[in-house]
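Trainee: My structure is below; once you've seen it, I'll send some questions.
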Amino acid sequence: MNASPPSAADGGFLRLALRLARRGYGATSPNPMVGAVLVKRGAVIGRGWHRRAGQPHAEIEALRDAERRGHSVKAATLYVTLEPCCTHGRTPPCTDAIIAAGIKRVVIGATDPNPKHAGKGFKILERAGIEVVHGVMAAECAALNETFNHWIVHRTPFVTVKAAMTLDGKIATAGGASKWITGERSRAFAMRLRQGSDAILVGINTVLADDPSLTLRGRKSEARSQRSGGGGQKPLRRLILDSMARTPLTAKVVSDEHAALTTVVVSRAAPKRRVAALARRVNVLVAPALRARSRLTAHASRLDLRWLLRQLGSENVTSLLVEGGGEVNASFLFGGFARRIVFFYAPKILGGREARKAVAGEGALGWDEILGLTDVKWRSVGPDLLLTARLK
């Protein structure tokens with residue numbers, strides 16, 4: 001059937017649905033964040049968002065919210081940020097519930113990124129006599145789930161490389177001292193990045209030098225989520241690239257209460273005794289060695305990162321935050337695995353030939369090897385500068 005063009009009111013209600021969708025940040029993976037709003041005679045009668053994987057989708061939450069408030073949804077308009085699902089998964093298809101509820105019109109933001117399902121939900125609703133308008137605020141709705149969209153298409157995690165450094169690009173002194181280069185607001189922003197990630201990764205040198213916890217420090221965002229009815233923060237997996245199994249058994253990532261969330265990635269050449277000792281405390285993943293190494297992609301771990309990302313993708317890791325040292329950062333950047341960078345710059349100058357760099361490795365020798373950035377954004381975070389960009 002022919003759909004009427006979207007109106008200014010459609011955009012306003014869809015913006016509300018987007019705000020609701022963001023309440024699921026850090027809790028819905030491996031599902032996308034989705035928000036939904038039900039409107040009748042120009043008034044909002046129901047709101048919902050997807051709270052956690054396995055729980056009802058946003059459309060169902062909005063229908064239930066309207067019912068709790070005593071509203072009839074028959075002939076209402078549904079605004080939803082993502083094409084309603086039309087297949088059986090952990091929950092029944094939302095298209096069935098929408099048709100059964102007697103919804104008259106559905107306004108949709110983004111199309112399902114899964115090539116197997118894209119557009120099918122639209123057709124099912126239209127065949128049922130429902131007016132469907134899609135593509136409203138499509139770019140904003142798609143951007144909300146860039147990590148999910150990448151994973152559902154490529155089946156590997158969306159990789160973000162995050163680093164905090166001085167203005168001259170240093171993350172530590174020659175002796176390894178590096179704590180709190182940036183200010184409190186930057187550190188809070190970094191925790192927010194962790195909250196939205198499925199897993200965090202560092203190299204063995206970072207573990208040996210800093211003994212990091214790699215956890216979510218401060219639970220304010222989670223408390224807000226719980227107070228607003230959110231599904232709660234999902235566990236954050238911790239990954240250590242450690243080809244020779246050198247991670248100490250006393251390291252926090254091995255000995256703390258979250259050890260079950262730690263995976264140490266070793267090579268087949270790692271001493272079996274060390275591997276066995278680690279395997280009694282944490283998960284151990286034996287990765288193949290990197291077969292073909294170029295000058296730019298060679299790195300200290302000697303592990304096949306492409307294989308690792310495929311493995312993580314098969315385990316429903318949709319987003320990976322790399323907080324490694326300079327060598328690990330370089331391997332993900334120059335290896336072509338990173339999709340986005342988040343670099344914090346503190347108003348400090350460290351200097352020193354031996355000081356540790358945020359991006360090390362062999363580096364580019366010519367302009368043709370330099371990594372290009374796009375969608376570049378700068379902002380102030382307290383006294384620091386924050387650069388976010390995508391890799392070309």
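Following the order of the structure tokens, first chain is A, next is B, and so on, with residues numbered from 1 inside each chain and ligands from 1 in the order they appear.
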Residues at most 12 Å from Arg281 (chain A), counting only C-alpha atoms, excluding those fewer than 4 positions away in the same chain, as JSON, numbers by chain?

Mentor: {"A": [247, 248, 249, 250, 251, 252, 253, 254, 255, 256, 257, 258, 259, 260, 261, 262, 263, 264, 274, 275, 276, 277]}

Trainee: Excluding Leu371 (chain A) and residues on its chain fewer than 3 positions from it, collect all residues at most 10 Å away from it, counting only C-alpha atoms, and give them as a list in words.

Mentor: Leu333, Phe334, Gly336, Gly363, Ala364, Trp367, Asp368, Leu391 and Lys392 of chain A

Trainee: Show me, as number ranges by chain, the residues that have an atom within 10 Å of Ser314 (chain A) when counting only C-alpha atoms, minus same-chain residues fewer than 2 positions from it.

Mentor: A: 151, 155-157, 308-312, 316-318

Trainee: Out of A:Lys104, A:Lys348, A:Arg390, A:His154, which residue has the shortest atom-to-atom distance to Val133 (chain A) when counting only C-alpha atoms?

Mentor: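 Of A:Lys104, A:Lys348, A:Arg390, A:His154, the one nearest Val133 (chain A) is A:Lys104, counting only C-alpha atoms.
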
Trainee: Would you pick out the contacts of Lys74 (chain A) at 7 Å or less, using only C-alpha atoms, so that residues sharing its chain but fewer than 6 positions from it are not included, and give the list as a count of residues only?

Mentor: 3

Trainee: Grab the CA of Leu63 (chain A) to CA of Leu18 (chain A) distance for me, in Å with one decimal place.

Mentor: 16.9 Å

Trainee: Please identify the strand (DSSP E or B) residues within region 168-382 of chain A (assignment by DSSP from backbone atoms) and present them as a PyMOL selection string.

Mentor: chain A and resi 170-172+199-203+237-241+262-267+283-287+289+303+319-322+340-346+356-357+373-381

Trainee: Write out as a ChimeraX atom specification the set of residues from region 195-345 of chain A that DSSP, computed on the backbone, places in alpha helix (DSSP H).

Mentor: /A:195,204-210,220-227,252-255,272-279,305-314,326-334

Trainee: Output N, CA and C atoms for every residue in the selection just made, as a CSV table (one decimal), in the first residue's frame.

Mentor:
chain,number,residue,atom,x,y,z
A,195,GLN,N,31.6,0.5,29.4
A,195,GLN,CA,30.3,0.1,29.7
A,195,GLN,C,29.6,-0.4,28.4
A,204,ILE,N,50.3,-8.4,27.2
A,204,ILE,CA,50.9,-8.9,28.3
A,204,ILE,C,51.8,-7.8,29.0
A,205,ASN,N,52.4,-6.9,28.2
A,205,ASN,CA,53.3,-5.9,28.7
A,205,ASN,C,52.5,-4.9,29.6
A,206,THR,N,51.3,-4.7,29.2
A,206,THR,CA,50.4,-3.8,30.1
A,206,THR,C,50.2,-4.5,31.4
A,207,VAL,N,49.9,-5.8,31.4
A,207,VAL,CA,49.6,-6.5,32.6
A,207,VAL,C,50.9,-6.5,33.5
A,208,LEU,N,52.0,-6.8,32.9
A,208,LEU,CA,53.3,-6.8,33.7
A,208,LEU,C,53.6,-5.5,34.3
A,209,ALA,N,53.4,-4.4,33.5
A,209,ALA,CA,53.8,-3.1,34.0
A,209,ALA,C,52.8,-2.4,34.9
A,210,ASP,N,51.5,-2.6,34.7
A,210,ASP,CA,50.5,-1.9,35.5
A,210,ASP,C,49.6,-2.7,36.3
A,220,LYS,N,27.8,4.4,38.8
A,220,LYS,CA,26.7,5.4,38.8
A,220,LYS,C,25.8,5.2,37.6
A,221,SER,N,26.4,4.9,36.4
A,221,SER,CA,25.6,4.7,35.2
A,221,SER,C,24.7,3.4,35.3
A,222,GLU,N,25.2,2.4,36.0
A,222,GLU,CA,24.4,1.2,36.2
A,222,GLU,C,23.3,1.5,37.1
A,223,ALA,N,23.6,2.2,38.2
A,223,ALA,CA,22.5,2.5,39.2
A,223,ALA,C,21.4,3.3,38.5
A,224,ARG,N,21.8,4.3,37.6
A,224,ARG,CA,20.8,5.0,36.9
A,224,ARG,C,20.0,4.1,36.0
A,225,SER,N,20.6,3.1,35.4
A,225,SER,CA,19.9,2.2,34.5
A,225,SER,C,18.9,1.4,35.3
A,226,GLN,N,19.3,0.9,36.5
A,226,GLN,CA,18.5,0.1,37.3
A,226,GLN,C,17.3,0.9,37.8
A,227,ARG,N,17.5,2.2,38.2
A,227,ARG,CA,16.4,3.0,38.7
A,227,ARG,C,15.4,3.3,37.6
A,252,LYS,N,45.8,-9.2,38.9
A,252,LYS,CA,44.4,-9.0,39.3
A,252,LYS,C,43.4,-9.6,38.3
A,253,VAL,N,43.7,-9.6,37.0
A,253,VAL,CA,42.8,-10.2,36.1
A,253,VAL,C,42.7,-11.7,36.2
A,254,VAL,N,43.7,-12.3,37.0
A,254,VAL,CA,43.7,-13.8,37.2
A,254,VAL,C,43.2,-14.1,38.6
A,255,SER,N,43.4,-13.3,39.5
A,255,SER,CA,43.1,-13.6,40.9
A,255,SER,C,41.9,-12.9,41.6
A,272,LYS,N,53.7,-25.5,28.4
A,272,LYS,CA,52.5,-26.2,28.8
A,272,LYS,C,52.2,-26.0,30.3
A,273,ARG,N,53.3,-26.0,31.1
A,273,ARG,CA,53.1,-25.9,32.5
A,273,ARG,C,52.4,-24.5,32.9
A,274,ARG,N,52.9,-23.5,32.3
A,274,ARG,CA,52.3,-22.2,32.5
A,274,ARG,C,50.8,-22.1,32.0
A,275,VAL,N,50.6,-22.7,30.9
A,275,VAL,CA,49.2,-22.7,30.3
A,275,VAL,C,48.3,-23.4,31.2
A,276,ALA,N,48.7,-24.6,31.7
A,276,ALA,CA,47.9,-25.4,32.6
A,276,ALA,C,47.6,-24.6,33.9
A,277,ALA,N,48.6,-23.9,34.5
A,277,ALA,CA,48.4,-23.1,35.7
A,277,ALA,C,47.4,-22.0,35.5
A,278,LEU,N,47.5,-21.3,34.4
A,278,LEU,CA,46.5,-20.3,34.1
A,278,LEU,C,45.1,-20.9,33.8
A,279,ALA,N,45.0,-22.0,33.2
A,279,ALA,CA,43.7,-22.6,32.9
A,279,ALA,C,43.0,-23.0,34.1
A,305,LEU,N,45.5,-12.2,14.8
A,305,LEU,CA,44.4,-11.4,15.3
A,305,LEU,C,43.1,-11.5,14.5
A,306,ARG,N,43.3,-11.8,13.2
A,306,ARG,CA,42.1,-12.1,12.4
A,306,ARG,C,41.4,-13.3,12.9
A,307,TRP,N,42.1,-14.3,13.2
A,307,TRP,CA,41.5,-15.6,13.7
A,307,TRP,C,40.8,-15.3,15.1
A,308,LEU,N,41.5,-14.5,15.9
A,308,LEU,CA,41.0,-14.1,17.2
A,308,LEU,C,39.6,-13.4,17.1
A,309,LEU,N,39.6,-12.4,16.2
A,309,LEU,CA,38.4,-11.7,16.0
A,309,LEU,C,37.2,-12.5,15.5
A,310,ARG,N,37.5,-13.5,14.6
A,310,ARG,CA,36.5,-14.4,14.2
A,310,ARG,C,36.0,-15.2,15.3
A,311,GLN,N,36.9,-15.7,16.1
A,311,GLN,CA,36.5,-16.5,17.3
A,311,GLN,C,35.6,-15.7,18.2
A,312,LEU,N,36.0,-14.5,18.5
A,312,LEU,CA,35.2,-13.6,19.4
A,312,LEU,C,33.8,-13.4,18.8
A,313,GLY,N,33.8,-13.1,17.5
A,313,GLY,CA,32.5,-12.9,16.9
A,313,GLY,C,31.6,-14.1,17.0
A,314,SER,N,32.1,-15.3,16.9
A,314,SER,CA,31.3,-16.5,17.0
A,314,SER,C,30.8,-16.7,18.5
A,326,GLY,N,51.5,0.5,23.1
A,326,GLY,CA,51.8,0.9,21.8
A,326,GLY,C,51.9,-0.2,20.8
A,327,GLU,N,52.5,-1.3,21.1
A,327,GLU,CA,52.6,-2.4,20.2
A,327,GLU,C,51.3,-3.0,19.8
A,328,VAL,N,50.5,-3.3,20.8
A,328,VAL,CA,49.2,-3.8,20.6
A,328,VAL,C,48.3,-2.9,19.8
A,329,ASN,N,48.3,-1.6,20.1
A,329,ASN,CA,47.6,-0.6,19.4
A,329,ASN,C,48.0,-0.6,17.9
A,330,ALA,N,49.3,-0.6,17.7
A,330,ALA,CA,49.8,-0.6,16.3
A,330,ALA,C,49.3,-1.8,15.5
A,331,SER,N,49.3,-2.9,16.2
A,331,SER,CA,49.0,-4.2,15.5
A,331,SER,C,47.5,-4.1,15.0
A,332,PHE,N,46.6,-3.6,15.8
A,332,PHE,CA,45.2,-3.5,15.4
A,332,PHE,C,45.0,-2.4,14.4
A,333,LEU,N,45.7,-1.3,14.5
A,333,LEU,CA,45.6,-0.2,13.6
A,333,LEU,C,46.1,-0.5,12.2
A,334,PHE,N,47.4,-0.9,12.2
A,334,PHE,CA,48.1,-1.1,10.9
A,334,PHE,C,47.7,-2.5,10.3

Trainee: Give the answer as one residue: which of A:Ala100, A:Gly135, A:Pro84, A:Pro115 has the shortest atom-to-atom distance to Pro5 (chain A), using only C-alpha atoms?

Mentor: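 Using only C-alpha atoms, the shortest distance to Pro5 (chain A) belongs to A:Gly135.
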
Trainee: Using only C-alpha atoms, which protein or nucleic acid residues come within 10 Å of Phe158 (chain A)? Drop anything in the same chain fewer than 6 positions from it, and give the result as a list in words.

Mentor: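 Residues near the query, excluding close chain neighbours: Glu146, Thr147, Phe148, Asn149, His150, Trp151, Ser197, Asp198, Leu309, Gly313, Val317, Thr318, Ser319, Leu320, Leu321, Phe337, Ala338, Arg339 and Arg340 of chain A.
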
Trainee: Pick out the residues sitting within 8 Å of region 375-385 of chain A, and hand them over as a PyMOL selection string; count only C-alpha atoms, and ignore anything fewer than 6 positions along from it in its own chain.

Mentor: chain A and resi 182-183+185-186+344-347

Trainee: For N, CA and C atoms, I'd like the residues from the last selection saved as a CSV table (one decimal), in the first residue's frame.

Mentor:
chain,number,residue,atom,x,y,z
A,182,THR,N,45.4,11.6,32.0
A,182,THR,CA,44.3,12.5,31.8
A,182,THR,C,43.5,12.8,33.1
A,183,GLY,N,42.6,13.7,33.0
A,183,GLY,CA,41.8,14.1,34.1
A,183,GLY,C,40.6,13.2,34.4
A,185,ARG,N,37.4,13.7,34.2
A,185,ARG,CA,36.3,13.6,33.2
A,185,ARG,C,36.6,12.7,32.1
A,186,SER,N,37.9,12.7,31.7
A,186,SER,CA,38.3,11.8,30.6
A,186,SER,C,38.2,10.4,31.1
A,344,PHE,N,42.6,10.4,23.9
A,344,PHE,CA,42.6,11.5,24.8
A,344,PHE,C,44.0,12.1,24.9
A,345,TYR,N,44.0,13.4,24.8
A,345,TYR,CA,45.3,14.2,24.9
A,345,TYR,C,45.3,15.1,26.1
A,346,ALA,N,46.2,14.8,27.0
A,346,ALA,CA,46.3,15.7,28.2
A,346,ALA,C,47.2,16.9,27.9
A,347,PRO,N,47.0,18.0,28.6
A,347,PRO,CA,47.9,19.2,28.3
A,347,PRO,C,49.2,19.0,29.1

Trainee: Measuring between only C-alpha atoms, which one of A:Asp112, A:Ala199, A:Arg127, A:Leu350 shows the shortest distance to Val159 (chain A)?

Mentor: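 For Val159 (chain A), the nearest of the given residues is A:Ala199.
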
Trainee: Taking only C-alpha atoms into account, which of A:Gly324, A:Val161, A:Ala66, A:Gly169 comes nearest Pro212 (chain A)?

Mentor: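 The answer is A:Gly324, which sits nearest to Pro212 (chain A).
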
Trainee: Could you name the residues that touch Tyr79 (chain A) at 12 Å or less, counting only C-alpha atoms, but leaving out those on the same chain fewer than 4 positions away, as a PyMOL selection string?

Mentor: chain A and resi 6+9-18+20-21+34-40+44-49+58-59+62-63+83-84+98+103-110+131-137+141

Trainee: With distances taken over only C-alpha atoms, which residue among A:Ala287, A:Ala177, A:Ala139, A:Ala76 lies nearest Ala355 (chain A)?

Mentor: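 Ranking A:Ala287, A:Ala177, A:Ala139, A:Ala76 by distance to Ala355 (chain A), first place goes to A:Ala177.
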
Trainee: Take CA of Ala143 (chain A) and CA of Val322 (chain A) and report the distance between them in Å, one decimal.

Mentor: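 One can read the CA of Ala143 (chain A) to CA of Val322 (chain A) distance as 20.5 Å.
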
Trainee: Select, from A:Ala142, A:Ile341, A:Ala190, A:Ile152, the residue with the minimum atom-to-atom distance to Met33 (chain A), counting only C-alpha atoms.

Mentor: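 Of A:Ala142, A:Ile341, A:Ala190, A:Ile152, the one nearest Met33 (chain A), counting only C-alpha atoms, is A:Ala142.
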